[in-house]
$ cat model11.json   # JSON, C-alpha atoms
[["chain", "number", "residue", "atom", "x", "y", "z"],
["R", 1262, "VAL", "CA", 0.00, 0.00, 0.00],
["R", 1263, "ALA", "CA", 1.46, 3.37, -0.97],
["R", 1264, "VAL", "CA", 1.30, 6.18, 1.57],
["R", 1265, "ALA", "CA", 2.45, 9.74, 1.00],
["R", 1266, "ASP", "CA", 3.19, 11.14, 4.45],
["R", 1267, "SER", "CA", 3.30, 10.54, 8.20],
["R", 1268, "PRO", "CA", -0.48, 10.81, 8.84],
["R", 1269, "ALA", "CA", -1.20, 8.45, 5.94],
["R", 1270, "GLY", "CA", 1.38, 5.95, 7.23],
["R", 1271, "ALA", "CA", -0.17, 6.04, 10.69],
["R", 1272, "ALA", "CA", -3.67, 5.67, 9.26],
["R", 1273, "GLN", "CA", -2.68, 2.60, 7.26],
["R", 1274, "VAL", "CA", -1.17, 0.96, 10.34],
["R", 1275, "ARG", "CA", -4.39, 1.71, 12.27],
["R", 1276, "ALA", "CA", -6.38, 0.10, 9.47],
["R", 1277, "TYR", "CA", -4.23, -3.04, 9.65],
["R", 1278, "ALA", "CA", -4.54, -3.13, 13.44],
["R", 1279, "GLY", "CA", -8.30, -2.87, 13.06],
["R", 1280, "LEU", "CA", -8.19, -5.99, 10.89],
["R", 1281, "GLY", "CA", -6.37, -7.86, 13.63],
["R", 1282, "PHE", "CA", -2.81, -7.58, 12.33],
["R", 1283, "ARG", "CA", -0.14, -7.89, 15.03],
["R", 1284, "HIS", "CA", 2.87, -7.32, 12.78],
["R", 1285, "VAL", "CA", 3.55, -4.90, 9.92],
["R", 1286, "GLN", "CA", 6.42, -4.67, 7.45],
["R", 1287, "LEU", "CA", 7.60, -1.20, 6.52],
["R", 1288, "TYR", "CA", 8.72, -1.49, 2.93],
["R", 1289, "TRP", "CA", 11.85, 0.08, 1.49],
["R", 1290, "ARG", "CA", 10.02, 2.55, -0.76],
["R", 1291, "LEU", "CA", 8.57, 4.47, 2.17],
["R", 1292, "ARG", "CA", 10.16, 7.88, 2.50],
["R", 1293, "GLU", "CA", 11.16, 8.91, 6.00],
["R", 1294, "PRO", "CA", 8.03, 10.92, 6.92],
["R", 1295, "ALA", "CA", 5.67, 8.05, 6.06],
["R", 1296, "PHE", "CA", 8.09, 5.54, 7.59],
["R", 1297, "GLN", "CA", 8.21, 7.49, 10.86],
["R", 1298, "GLY", "CA", 4.43, 7.84, 11.04],
["R", 1299, "ALA", "CA", 3.88, 4.14, 10.45],
["R", 1300, "LEU", "CA", 6.60, 3.13, 12.89],
["R", 1301, "ARG", "CA", 5.33, 5.39, 15.67],
["R", 1302, "GLU", "CA", 1.75, 4.23, 15.20],
["R", 1303, "ALA", "CA", 2.77, 0.57, 15.19],
["R", 1304, "GLY", "CA", 4.58, 1.10, 18.49],
["R", 1305, "ARG", "CA", 1.64, 3.01, 19.96],
["R", 1306, "LEU", "CA", -0.70, 0.15, 19.04],
["R", 1307, "GLY", "CA", 1.65, -2.61, 20.21],
["R", 1308, "LEU", "CA", 2.34, -3.99, 16.73],
["R", 1309, "THR", "CA", 5.75, -5.35, 15.80],
["R", 1310, "ALA", "CA", 7.17, -3.31, 12.92],
["R", 1311, "THR", "CA", 9.73, -5.02, 10.73],
["R", 1312, "ALA", "CA", 11.62, -2.91, 8.20],
["R", 1313, "HIS", "CA", 12.76, -3.80, 4.71],
["R", 1314, "VAL", "CA", 15.33, -1.01, 4.34],
["R", 1315, "ASP", "CA", 17.18, 0.12, 1.22],
["R", 1316, "ASN", "CA", 20.26, 2.23, 1.90],
["R", 1317, "GLY", "CA", 19.43, 4.42, -1.11],
["R", 1318, "VAL", "CA", 16.18, 5.55, 0.55],
["R", 1319, "LEU", "CA", 16.73, 5.15, 4.30],
["R", 1320, "THR", "CA", 19.91, 3.76, 5.82],
["R", 1321, "HIS", "CA", 19.95, 1.04, 8.42],
["R", 1322, "ALA", "CA", 21.68, 3.44, 10.79],
["R", 1323, "ARG", "CA", 18.85, 5.97, 10.37],
["R", 1324, "ALA", "CA", 16.22, 3.25, 10.78],
["R", 1325, "LEU", "CA", 17.89, 2.24, 14.06],
["R", 1326, "ASP", "CA", 17.90, 5.90, 15.15],
["R", 1327, "LEU", "CA", 14.16, 6.04, 14.43],
["R", 1328, "GLY", "CA", 13.56, 2.98, 16.62],
["R", 1329, "VAL", "CA", 13.45, 0.01, 14.24],
["R", 1330, "ARG", "CA", 14.58, -3.17, 15.97],
["R", 1331, "HIS", "CA", 13.48, -5.79, 13.42],
["R", 1332, "PHE", "CA", 14.89, -5.98, 9.89],
["R", 1333, "GLU", "CA", 14.25, -8.16, 6.84],
["R", 1334, "HIS", "CA", 17.10, -9.45, 4.67],
["R", 1335, "VAL", "CA", 20.55, -9.76, 6.19],
["R", 1336, "HIS", "CA", 22.70, -9.00, 3.12],
["R", 1337, "PRO", "CA", 21.92, -5.25, 2.96],
["R", 1338, "ILE", "CA", 22.54, -4.96, 6.70],
["R", 1339, "ALA", "CA", 25.94, -6.60, 6.36],
["R", 1340, "ALA", "CA", 26.86, -4.27, 3.50],
["R", 1341, "SER", "CA", 25.70, -1.21, 5.43],
["R", 1342, "VAL", "CA", 28.24, -1.76, 8.22],
["R", 1343, "LEU", "CA", 31.24, -2.26, 5.92],
["R", 1344, "THR", "CA", 33.53, 0.58, 4.90],
["R", 1345, "PRO", "CA", 33.77, 1.36, 1.16],
["R", 1346, "ALA", "CA", 37.18, -0.35, 1.05],
["R", 1347, "GLU", "CA", 35.75, -3.46, 2.68],
["R", 1348, "ARG", "CA", 32.84, -3.54, 0.23],
["R", 1349, "ALA", "CA", 35.26, -3.25, -2.72],
["R", 1350, "ALA", "CA", 37.45, -6.14, -1.51]]
$ encode --input "model11.json" --output "structure tokens"
Amino acid sequence: VAVADSPAGAAQVRAYAGLGFRHVQLYWRLREPAFQGALREAGRLGLTATAHVDNGVLTHARALDLGVRHFEHVHPIAASVLTPAERAA
């Protein structure tokens, strides 16, 4: 589901919670405002939010700063902690 901003992200999470969802995945295409809104609302409602992060849109470090504690796909996480020299090796 595409959302444009923080209120829309929060509203979508509320809709999922209303359907009985206990977990949501925040997809890599979400820009930071929508991501933050969805993440905050998930926490407020007691839902587990798992993030599928793309370093070109939102870095893993930034996602951690925002409060994400669950991530999908290990390979981008591993790459995000390497230095450029280590990635080139």
$ residues_around --input "model11.json" --residues "segment 1340-1342 of chain R" --least-positions-apart "4" --cutoff "8 Å" --atoms "all atoms listed in the file" --output "PDB file with C-alpha atoms, in the frame of the given file"
ATOM      1  CA  ASN R1316      20.260   2.230   1.900  1.00  0.00           C
ATOM      2  CA  THR R1320      19.910   3.760   5.820  1.00  0.00           C
ATOM      3  CA  HIS R1321      19.950   1.040   8.420  1.00  0.00           C
ATOM      4  CA  HIS R1336      22.700  -9.000   3.120  1.00  0.00           C
ATOM      5  CA  ARG R1348      32.840  -3.540   0.230  1.00  0.00           C
TER       6      ARG R1348
END
$ residues_near_point --input "model11.json" --point "(-1.2, -6.8, 7.4)" --cutoff "12 Å" --atoms "all atoms listed in the file" --output "PyMOL selection string"
chain R and resi 1262+1273-1287+1303+1308-1311
$ axis_aligned_box --input "model11.json" --around "segment 1309-1314 of chain R" --padding-each-side "6 Å" --output "lines of an AutoDock Vina configuration file"
center_x = 10.5
center_y = -3.2
center_z = 10.1
size_x = 21.6
size_y = 16.3
size_z = 23.5
$ closest_residue --input "model11.json" --among "R:Pro1345, R:Asp1315, R:Gly1270, R:Val1264" --to "Glu1302 of chain R" --atoms "only C-alpha atoms"
R:Gly1270
$ closest_residue --input "model11.json" --among "R:Ala1269, R:Ala1339, R:Ala1350, R:Val1329" --to "Ala1312 of chain R" --atoms "all atoms listed in the file"
R:Val1329
$ atom_distance --input "model11.json" --atom1 "atom CA of Leu1327 of chain R" --atom2 "atom CA of Ala1346 of chain R"
27.4 Å
$ atom_distance --input "model11.json" --atom1 "atom CA of His1331 of chain R" --atom2 "atom CA of Gln1297 of chain R"
14.5 Å
$ atom_distance --input "model11.json" --atom1 "atom CA of Ala1299 of chain R" --atom2 "atom CA of Leu1343 of chain R"
28.5 Å
$ closest_residue --input "model11.json" --among "R:Ala1349, R:Asp1326, R:Ala1265, R:Phe1332" --to "Val1314 of chain R" --atoms "only C-alpha atoms"
R:Phe1332
$ residues_around --input "model11.json" --residues "Arg1292 of chain R" --least-positions-apart "6" --cutoff "8 Å" --atoms "all atoms listed in the file" --output "PyMOL selection string"
chain R and resi 1266+1318-1319
$ closest_residue --input "model11.json" --among "R:Leu1291, R:Gly1317, R:Phe1296, R:Thr1344" --to "Ser1267 of chain R" --atoms "all atoms listed in the file"
R:Phe1296
$ build_atoms --input "model11.json" --residues "segment 1319-1343 of chain R" --atoms "N, CA and C atoms" --output "CSV table (one decimal), in the coordinates of the input"
chain,number,residue,atom,x,y,z
R,1319,LEU,N,16.6,4.9,2.9
R,1319,LEU,CA,16.7,5.2,4.3
R,1319,LEU,C,17.8,4.2,4.8
R,1320,THR,N,18.8,4.6,5.4
R,1320,THR,CA,19.9,3.8,5.8
R,1320,THR,C,19.5,2.9,7.0
R,1321,HIS,N,20.2,1.8,7.2
R,1321,HIS,CA,20.0,1.0,8.4
R,1321,HIS,C,20.3,1.8,9.7
R,1322,ALA,N,21.3,2.6,9.6
R,1322,ALA,CA,21.7,3.4,10.8
R,1322,ALA,C,20.5,4.4,11.1
R,1323,ARG,N,20.0,5.0,10.1
R,1323,ARG,CA,18.8,6.0,10.4
R,1323,ARG,C,17.6,5.2,10.9
R,1324,ALA,N,17.4,4.1,10.3
R,1324,ALA,CA,16.2,3.2,10.8
R,1324,ALA,C,16.4,2.9,12.3
R,1325,LEU,N,17.6,2.5,12.6
R,1325,LEU,CA,17.9,2.2,14.1
R,1325,LEU,C,17.7,3.5,14.9
R,1326,ASP,N,18.1,4.6,14.4
R,1326,ASP,CA,17.9,5.9,15.2
R,1326,ASP,C,16.4,6.2,15.3
R,1327,LEU,N,15.6,5.8,14.4
R,1327,LEU,CA,14.2,6.0,14.4
R,1327,LEU,C,13.5,5.1,15.4
R,1328,GLY,N,14.1,3.9,15.7
R,1328,GLY,CA,13.6,3.0,16.6
R,1328,GLY,C,13.3,1.6,16.1
R,1329,VAL,N,13.7,1.3,14.8
R,1329,VAL,CA,13.4,0.0,14.2
R,1329,VAL,C,14.4,-1.0,15.0
R,1330,ARG,N,13.8,-2.1,15.3
R,1330,ARG,CA,14.6,-3.2,16.0
R,1330,ARG,C,14.5,-4.5,15.2
R,1331,HIS,N,13.7,-4.6,14.2
R,1331,HIS,CA,13.5,-5.8,13.4
R,1331,HIS,C,13.7,-5.5,11.9
R,1332,PHE,N,14.6,-6.2,11.3
R,1332,PHE,CA,14.9,-6.0,9.9
R,1332,PHE,C,14.7,-7.2,9.1
R,1333,GLU,N,14.3,-7.1,7.8
R,1333,GLU,CA,14.2,-8.2,6.8
R,1333,GLU,C,15.6,-8.1,6.0
R,1334,HIS,N,16.0,-9.3,5.6
R,1334,HIS,CA,17.1,-9.4,4.7
R,1334,HIS,C,18.4,-9.0,5.3
R,1335,VAL,N,19.3,-10.0,5.5
R,1335,VAL,CA,20.6,-9.8,6.2
R,1335,VAL,C,21.6,-9.1,5.3
R,1336,HIS,N,21.6,-9.5,4.0
R,1336,HIS,CA,22.7,-9.0,3.1
R,1336,HIS,C,22.8,-7.5,3.0
R,1337,PRO,N,21.7,-6.7,3.0
R,1337,PRO,CA,21.9,-5.2,3.0
R,1337,PRO,C,22.4,-4.7,4.3
R,1338,ILE,N,22.1,-5.4,5.4
R,1338,ILE,CA,22.5,-5.0,6.7
R,1338,ILE,C,24.0,-5.2,6.8
R,1339,ALA,N,24.5,-6.3,6.3
R,1339,ALA,CA,25.9,-6.6,6.4
R,1339,ALA,C,26.7,-5.6,5.5
R,1340,ALA,N,26.2,-5.3,4.4
R,1340,ALA,CA,26.9,-4.3,3.5
R,1340,ALA,C,26.8,-2.9,4.1
R,1341,SER,N,25.8,-2.6,4.9
R,1341,SER,CA,25.7,-1.2,5.4
R,1341,SER,C,26.7,-0.9,6.5
R,1342,VAL,N,27.3,-2.0,7.1
R,1342,VAL,CA,28.2,-1.8,8.2
R,1342,VAL,C,29.7,-1.8,7.7
R,1343,LEU,N,29.9,-2.2,6.5
R,1343,LEU,CA,31.2,-2.3,5.9
R,1343,LEU,C,31.7,-0.9,5.4
